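In what follows, a structure is listed as structure tokens, so that the remarks can point back to it.
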Amino acid sequence: MTAVRIDGTAMAQVVRAEVAEGVAQLKASHGITPGLAVVLVGEDPASQVYVRNKVKQTEACGMRSYHHVLSKDTTRESLLRLIASLNADIDVHGILVQLPLPAHLDSKDVIESIDPAKDVDGFHTANVGELWTGGAPFVPCTPLGCLRLLKSVEPNISGKHAVVIGRSNIVGRPMAALLLNESATVTIAHSKTQDLPALCRQADILVAAVGRPEMVKSDWIKPGAIVLDVGINRVATEDGKGRLVGDVDFADVSAVAGAITPVPGGPGPMTIACLLANTLEAAKRRVSQ
Ligand code: GUN
């Protein structure tokens, strides 16, 4: 079997076009332009790249972007002051504080200071609680993108066994909640899980979000399973440039799986697209209040 390749780049383009259409409609009907504020503390190079992409794509779909860069020594008080001003700003519909934060800042403390109605990352405990109790919260963008990719190849998730490897607040836990809300039978695996390959072989849907390059091999996969690879790992190459790989050995697993996301070009591009969708949704909720 050669697995169907699930194209995250193409799907992200579809989502961005939907968002651009929604933004145009909101402008026409209510004269409102959705605005996203992105806060970056420090100079982490990977975060700088993500933030630059977020700003570019926000503007490309017709939304306003407010970009705040704070020094790595920023105090808790000045960061919380900025967030309070963004909470109060009626032109700002979504707020994203790029993680990780420098070690002296407590990310939970910072996230809890964001107005849940502007928490387009879906990280505030009010949104997390809503997700686990079947409400209509803002859902973290990477799992939301994964669900959309999954539904593009398997609309009927109900009753399927989904195994999620990874229990982070950004991916693993919200992914498990989303799958549970779709009536999948969900198992969350992590670094202490015993006999992970045997567990993964039971999965109709496998989501890998651990940050271990090409850890998942073909003999971990139930024939025909759908595999979503959230990992983005840079590995060394002979020419010194390095290469991006996922948590799944793509070539090997493609011989057994029914469908699989590549890296790059899988869940990665969907994350920002879903952030834009959440920001549009935040603006729509404000006007319908
Ligand atoms: N760092 C890595 N992924 C994310 C994300 O989805 N949101 C934020 N705020 N920071 C991140």
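Naming works like this for the structure tokens: A, B, ... for the chains as they're shown, residue 1 at the start of each chain, ligands 1 onward in shown order.
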
Within 7 Å of ligand 1 (only C-alpha atoms and all ligand atoms), residues as a ChimeraX atom specification: /A:96-100,121,140-142,170,271

Since we have the selection now, will you write its residues out, keeping all heavy atoms, as an mmCIF file, in the first residue's frame?
data_model
loop_
_atom_site.group_PDB
_atom_site.id
_atom_site.type_symbol
_atom_site.label_atom_id
_atom_site.label_comp_id
_atom_site.auth_asym_id
_atom_site.auth_seq_id
_atom_site.Cartn_x
_atom_site.Cartn_y
_atom_site.Cartn_z
ATOM 1 N N LEU A 96 -2.058 36.952 20.876
ATOM 2 C CA LEU A 96 -1.203 35.766 20.937
ATOM 3 C C LEU A 96 0.133 36.161 21.540
ATOM 4 O O LEU A 96 0.773 37.087 21.056
ATOM 5 C CB LEU A 96 -1.006 35.210 19.523
ATOM 6 C CG LEU A 96 -0.084 33.998 19.400
ATOM 7 C CD1 LEU A 96 -0.611 33.048 18.346
ATOM 8 C CD2 LEU A 96 1.344 34.400 19.070
ATOM 9 N N VAL A 97 0.501 35.501 22.619
ATOM 10 C CA VAL A 97 1.837 35.686 23.198
ATOM 11 C C VAL A 97 2.664 34.479 22.762
ATOM 12 O O VAL A 97 2.337 33.332 23.106
ATOM 13 C CB VAL A 97 1.783 35.789 24.734
ATOM 14 C CG1 VAL A 97 3.189 35.933 25.305
ATOM 15 C CG2 VAL A 97 0.903 36.956 25.172
ATOM 16 N N GLN A 98 3.701 34.732 21.976
ATOM 17 C CA GLN A 98 4.485 33.626 21.429
ATOM 18 C C GLN A 98 5.207 32.877 22.551
ATOM 19 O O GLN A 98 5.847 33.490 23.414
ATOM 20 C CB GLN A 98 5.500 34.182 20.406
ATOM 21 C CG GLN A 98 6.310 33.121 19.682
ATOM 22 C CD GLN A 98 5.474 32.240 18.760
ATOM 23 O OE1 GLN A 98 4.459 32.660 18.213
ATOM 24 N NE2 GLN A 98 5.905 30.999 18.577
ATOM 25 N N LEU A 99 5.107 31.564 22.544
ATOM 26 C CA LEU A 99 5.797 30.709 23.511
ATOM 27 C C LEU A 99 6.962 30.007 22.802
ATOM 28 O O LEU A 99 6.893 29.793 21.594
ATOM 29 C CB LEU A 99 4.825 29.676 24.084
ATOM 30 C CG LEU A 99 3.573 30.247 24.761
ATOM 31 C CD1 LEU A 99 2.675 29.112 25.236
ATOM 32 C CD2 LEU A 99 3.937 31.150 25.933
ATOM 33 N N PRO A 100 8.001 29.629 23.469
ATOM 34 C CA PRO A 100 8.219 29.771 24.913
ATOM 35 C C PRO A 100 8.620 31.195 25.291
ATOM 36 O O PRO A 100 9.178 31.925 24.477
ATOM 37 C CB PRO A 100 9.375 28.798 25.167
ATOM 38 C CG PRO A 100 10.140 28.746 23.875
ATOM 39 C CD PRO A 100 9.125 28.932 22.793
ATOM 40 N N ASP A 121 -5.345 31.573 20.781
ATOM 41 C CA ASP A 121 -4.520 30.368 20.924
ATOM 42 C C ASP A 121 -5.284 29.251 21.633
ATOM 43 O O ASP A 121 -4.874 28.089 21.587
ATOM 44 C CB ASP A 121 -3.289 30.691 21.784
ATOM 45 C CG ASP A 121 -2.006 30.804 20.979
ATOM 46 O OD1 ASP A 121 -1.907 30.154 19.931
ATOM 47 O OD2 ASP A 121 -1.114 31.542 21.427
ATOM 48 N N PRO A 140 -6.891 25.395 20.420
ATOM 49 C CA PRO A 140 -5.508 25.577 19.985
ATOM 50 C C PRO A 140 -5.321 25.223 18.496
ATOM 51 O O PRO A 140 -5.910 24.255 17.993
ATOM 52 C CB PRO A 140 -4.733 24.631 20.901
ATOM 53 C CG PRO A 140 -5.536 24.616 22.162
ATOM 54 C CD PRO A 140 -6.977 24.673 21.697
ATOM 55 N N CYS A 141 -4.516 26.047 17.838
ATOM 56 C CA CYS A 141 -4.497 26.061 16.368
ATOM 57 C C CYS A 141 -3.913 24.798 15.733
ATOM 58 O O CYS A 141 -4.405 24.346 14.697
ATOM 59 C CB CYS A 141 -3.722 27.288 15.894
ATOM 60 S SG CYS A 141 -4.390 28.807 16.598
ATOM 61 N N THR A 142 -2.875 24.227 16.337
ATOM 62 C CA THR A 142 -2.266 23.037 15.712
ATOM 63 C C THR A 142 -3.230 21.842 15.731
ATOM 64 O O THR A 142 -3.472 21.227 14.683
ATOM 65 C CB THR A 142 -0.915 22.708 16.373
ATOM 66 O OG1 THR A 142 -0.055 23.842 16.222
ATOM 67 C CG2 THR A 142 -0.259 21.498 15.732
ATOM 68 N N ILE A 170 -0.154 22.422 24.265
ATOM 69 C CA ILE A 170 -0.308 23.062 22.953
ATOM 70 C C ILE A 170 -0.864 22.087 21.924
ATOM 71 O O ILE A 170 -1.654 22.464 21.065
ATOM 72 C CB ILE A 170 1.040 23.673 22.482
ATOM 73 C CG1 ILE A 170 1.471 24.807 23.412
ATOM 74 C CG2 ILE A 170 0.973 24.158 21.045
ATOM 75 C CD1 ILE A 170 2.775 25.493 23.025
ATOM 76 N N THR A 271 -1.400 25.550 11.060
ATOM 77 C CA THR A 271 -1.454 26.204 12.370
ATOM 78 C C THR A 271 -1.760 27.697 12.224
ATOM 79 O O THR A 271 -2.676 28.223 12.876
ATOM 80 C CB THR A 271 -0.130 25.986 13.132
ATOM 81 O OG1 THR A 271 0.012 24.598 13.368
ATOM 82 C CG2 THR A 271 -0.124 26.711 14.465
#

DSSP-assigned helix (DSSP H, G or I) members of region 75-180 of chain A, reported as a PyMOL selection string: chain A and resi 76-88+107-112+116-118+125-132+141-153+172-180

Region 235-281 of chain A near region 5-29 of chain A within 7 Å: what's each residue's closest atom pair and its distance in Å to one decimal, counting only C-alpha atoms, ordered by chain then ascending residue number, as CSV?
residue,atom,partner,partner_atom,distance
A:Ala259,CA,A:Arg5,CA,5.8
A:Ile260,CA,A:Arg5,CA,5.3
A:Thr261,CA,A:Ile6,CA,4.8
A:Pro262,CA,A:Arg5,CA,6.9
A:Gly265,CA,A:Thr9,CA,5.2
A:Gly266,CA,A:Gly8,CA,4.2
A:Pro267,CA,A:Gly8,CA,5.7
A:Pro269,CA,A:Thr9,CA,5.7
A:Met270,CA,A:Ala12,CA,4.9
A:Ala273,CA,A:Ala12,CA,5.6
A:Leu276,CA,A:Val19,CA,6.8
A:Ala277,CA,A:Val19,CA,5.7
A:Leu280,CA,A:Val23,CA,6.7

Go ahead and write the residues just picked, N, CA and C atoms, as a PDB file, in the first residue's frame.
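After the write, result_1.pdb holds the following:
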ATOM      1  N   ALA A 259      -3.221   6.910   4.972  1.00  0.00           N
ATOM      2  CA  ALA A 259      -3.025   8.332   4.658  1.00  0.00           C
ATOM      3  C   ALA A 259      -2.043   8.902   5.665  1.00  0.00           C
ATOM      4  N   ILE A 260      -1.265   9.896   5.223  1.00  0.00           N
ATOM      5  CA  ILE A 260      -0.205  10.433   6.091  1.00  0.00           C
ATOM      6  C   ILE A 260       0.098  11.879   5.710  1.00  0.00           C
ATOM      7  N   THR A 261       0.418  12.685   6.730  1.00  0.00           N
ATOM      8  CA  THR A 261       0.843  14.068   6.457  1.00  0.00           C
ATOM      9  C   THR A 261       2.362  14.103   6.309  1.00  0.00           C
ATOM     10  N   PRO A 262       2.870  14.872   5.342  1.00  0.00           N
ATOM     11  CA  PRO A 262       4.321  15.021   5.214  1.00  0.00           C
ATOM     12  C   PRO A 262       4.861  16.105   6.150  1.00  0.00           C
ATOM     13  N   GLY A 265       4.932  20.638   5.192  1.00  0.00           N
ATOM     14  CA  GLY A 265       3.760  20.613   4.313  1.00  0.00           C
ATOM     15  C   GLY A 265       2.591  19.817   4.869  1.00  0.00           C
ATOM     16  N   GLY A 266       2.640  19.527   6.189  1.00  0.00           N
ATOM     17  CA  GLY A 266       1.526  18.821   6.836  1.00  0.00           C
ATOM     18  C   GLY A 266       0.781  19.758   7.775  1.00  0.00           C
ATOM     19  N   PRO A 267       0.712  19.406   9.082  1.00  0.00           N
ATOM     20  CA  PRO A 267       0.011  20.271  10.028  1.00  0.00           C
ATOM     21  C   PRO A 267       0.641  21.662  10.171  1.00  0.00           C
ATOM     22  N   PRO A 269       1.693  24.267   8.135  1.00  0.00           N
ATOM     23  CA  PRO A 269       1.036  25.423   7.510  1.00  0.00           C
ATOM     24  C   PRO A 269      -0.391  25.648   7.998  1.00  0.00           C
ATOM     25  N   MET A 270      -1.026  24.588   8.509  1.00  0.00           N
ATOM     26  CA  MET A 270      -2.411  24.721   8.988  1.00  0.00           C
ATOM     27  C   MET A 270      -2.504  25.528  10.280  1.00  0.00           C
ATOM     28  N   ALA A 273      -2.981  29.225   9.580  1.00  0.00           N
ATOM     29  CA  ALA A 273      -4.290  29.380   8.922  1.00  0.00           C
ATOM     30  C   ALA A 273      -5.416  29.303   9.960  1.00  0.00           C
ATOM     31  N   LEU A 276      -5.687  32.434  12.071  1.00  0.00           N
ATOM     32  CA  LEU A 276      -6.432  33.488  11.367  1.00  0.00           C
ATOM     33  C   LEU A 276      -7.930  33.212  11.459  1.00  0.00           C
ATOM     34  N   ALA A 277      -8.309  31.936  11.319  1.00  0.00           N
ATOM     35  CA  ALA A 277      -9.727  31.561  11.423  1.00  0.00           C
ATOM     36  C   ALA A 277     -10.254  31.879  12.825  1.00  0.00           C
ATOM     37  N   LEU A 280     -10.759  35.695  13.139  1.00  0.00           N
ATOM     38  CA  LEU A 280     -12.012  36.092  12.476  1.00  0.00           C
ATOM     39  C   LEU A 280     -13.209  35.736  13.359  1.00  0.00           C
TER      40      LEU A 280
END

Residues of region 21-218 of chain A classed as strand (DSSP E) by DSSP on the backbone are to be reported as a ChimeraX atom specification. /A:35-41,64-70,94-97,161-165,185-189,205-208

A:Leu178, A:Leu275, A:Val210, A:Val248: which is nearest Ile157 (chain A), counting only C-alpha atoms? A:Leu178

If we count only C-alpha atoms, what is near Leu86 (chain A) at a cut-off of 10 Å, once residues fewer than 5 positions away on the same chain are taken out, given as a ChimeraX atom specification? /A:36-37,66,80-81,91-95,114-115,118

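Around Ser254 (chain A), within 9 Å and counting only C-alpha atoms, the residues found are A:Met1, A:Thr2, A:Ala3, A:Val4, A:Arg5, A:Ser218, A:Asp249, A:Phe250, A:Ala251, A:Asp252, A:Val256, A:Ala257, A:Gly258, A:Ala259, A:Ile260, once anything fewer than 2 positions away on its own chain is removed.
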
Output N, CA and C atoms for every residue in the selection just made, as a compact mmCIF listing (two decimals), in the first residue's frame.
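Result file follows (result06.txt):
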# COMPACT_ATOMS: atom_id res chain seq x y z
N MET A 1 0.85 -1.21 0.00
CA MET A 1 0.00 0.00 0.00
C MET A 1 0.88 1.25 0.00
N THR A 2 0.49 2.25 -0.78
CA THR A 2 1.16 3.54 -0.65
C THR A 2 0.14 4.54 -0.14
N ALA A 3 0.46 5.16 0.97
CA ALA A 3 -0.50 6.02 1.65
C ALA A 3 -0.84 7.25 0.82
N VAL A 4 -2.08 7.72 0.99
CA VAL A 4 -2.49 9.02 0.45
C VAL A 4 -1.71 10.10 1.20
N ARG A 5 -1.17 11.06 0.46
CA ARG A 5 -0.43 12.15 1.08
C ARG A 5 -1.42 13.28 1.39
N SER A 218 7.34 1.90 10.40
CA SER A 218 6.24 1.20 9.73
C SER A 218 5.69 0.05 10.58
N ASP A 249 8.72 8.39 10.43
CA ASP A 249 9.58 8.07 9.28
C ASP A 249 8.67 7.97 8.05
N PHE A 250 8.59 9.07 7.30
CA PHE A 250 7.56 9.23 6.26
C PHE A 250 7.65 8.13 5.20
N ALA A 251 8.84 7.92 4.65
CA ALA A 251 8.98 6.96 3.55
C ALA A 251 8.60 5.56 4.03
N ASP A 252 9.08 5.19 5.20
CA ASP A 252 8.84 3.86 5.75
C ASP A 252 7.35 3.65 6.06
N VAL A 256 2.69 1.46 4.69
CA VAL A 256 1.71 0.71 5.49
C VAL A 256 0.44 1.52 5.76
N ALA A 257 0.60 2.83 6.01
CA ALA A 257 -0.54 3.68 6.38
C ALA A 257 -1.49 3.87 5.21
N GLY A 258 -2.73 4.28 5.55
CA GLY A 258 -3.70 4.60 4.50
C GLY A 258 -3.56 6.03 4.02
N ALA A 259 -3.22 6.91 4.97
CA ALA A 259 -3.03 8.33 4.66
C ALA A 259 -2.04 8.90 5.66
N ILE A 260 -1.26 9.90 5.22
CA ILE A 260 -0.21 10.43 6.09
C ILE A 260 0.10 11.88 5.71

Excluding same-chain residues fewer than 2 positions from Lys151 (chain A), what lies within 12 Å of it counting only C-alpha atoms, as a ChimeraX atom specification? /A:6,11,144-149,153-158,178-179,182,205,226,228,259

Find the distance between CA of Val69 (chain A) and CA of Pro116 (chain A) and write it in Å to one decimal. 21.9 Å

Any idea what's packed within 9 Å of Ser113 (chain A), counting only C-alpha atoms, ignoring anything in its chain fewer than 5 positions away? Could you give it as number ranges by chain? A: 80, 83-84, 87, 108, 124

Just write the chosen residues, N, CA, C and O atoms, as a short mmCIF file (atom, residue, chain, number, x, y, z; two decimals), in the first residue's frame.
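What landed in part_11.cif:
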data_model
loop_
_atom_site.label_atom_id
_atom_site.label_comp_id
_atom_site.auth_asym_id
_atom_site.auth_seq_id
_atom_site.Cartn_x
_atom_site.Cartn_y
_atom_site.Cartn_z
N LEU A 80 2.42 42.20 31.61
CA LEU A 80 1.00 42.16 32.00
C LEU A 80 0.31 43.50 31.71
O LEU A 80 -0.87 43.53 31.35
N ILE A 83 -0.53 43.42 28.04
CA ILE A 83 -1.68 42.54 27.78
C ILE A 83 -2.98 43.22 28.24
O ILE A 83 -4.00 43.17 27.54
N ALA A 84 -2.92 43.91 29.38
CA ALA A 84 -4.11 44.62 29.86
C ALA A 84 -4.55 45.68 28.85
O ALA A 84 -5.75 45.86 28.59
N ASN A 87 -6.16 43.86 25.97
CA ASN A 87 -7.49 43.40 26.39
C ASN A 87 -8.53 44.52 26.24
O ASN A 87 -9.68 44.29 25.87
N LYS A 108 2.00 30.33 32.28
CA LYS A 108 0.61 30.14 32.74
C LYS A 108 0.03 31.46 33.27
O LYS A 108 -1.08 31.86 32.93
N HIS A 124 -5.99 29.69 27.43
CA HIS A 124 -6.52 30.14 28.74
C HIS A 124 -7.34 29.01 29.36
O HIS A 124 -8.06 28.30 28.64
#

To one decimal place, how far is CA of Pro197 (chain A) from CA of Val253 (chain A) in Å? 12.8 Å

List as a PDB file with C-alpha atoms, in the first residue's frame the protein and nucleic acid residues near Ala236 (chain A), meaning an atom at most 12 Å away when only C-alpha atoms are counted, but skip any in the same chain fewer than 6 places from it.
ATOM      1  CA  PRO A 213      12.952  12.758  14.676  1.00  0.00           C
ATOM      2  CA  GLY A 242      20.182  20.347   7.807  1.00  0.00           C
ATOM      3  CA  ARG A 243      16.773  19.017   6.827  1.00  0.00           C
ATOM      4  CA  LEU A 244      13.321  19.090   8.420  1.00  0.00           C
ATOM      5  CA  VAL A 245      11.768  15.774   9.402  1.00  0.00           C
TER       6      VAL A 245
END

Distance in Å - CA of Glu112 (chain A) versus CA of Thr125 (chain A): 7.1 Å

Closest of A:Val163, A:Ala46, A:Ala209, A:Val186 to Ile221 (chain A) - atom-to-atom distances counting only C-alpha atoms: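 Counting only C-alpha atoms, the residue closest to Ile221 (chain A) is A:Val163.
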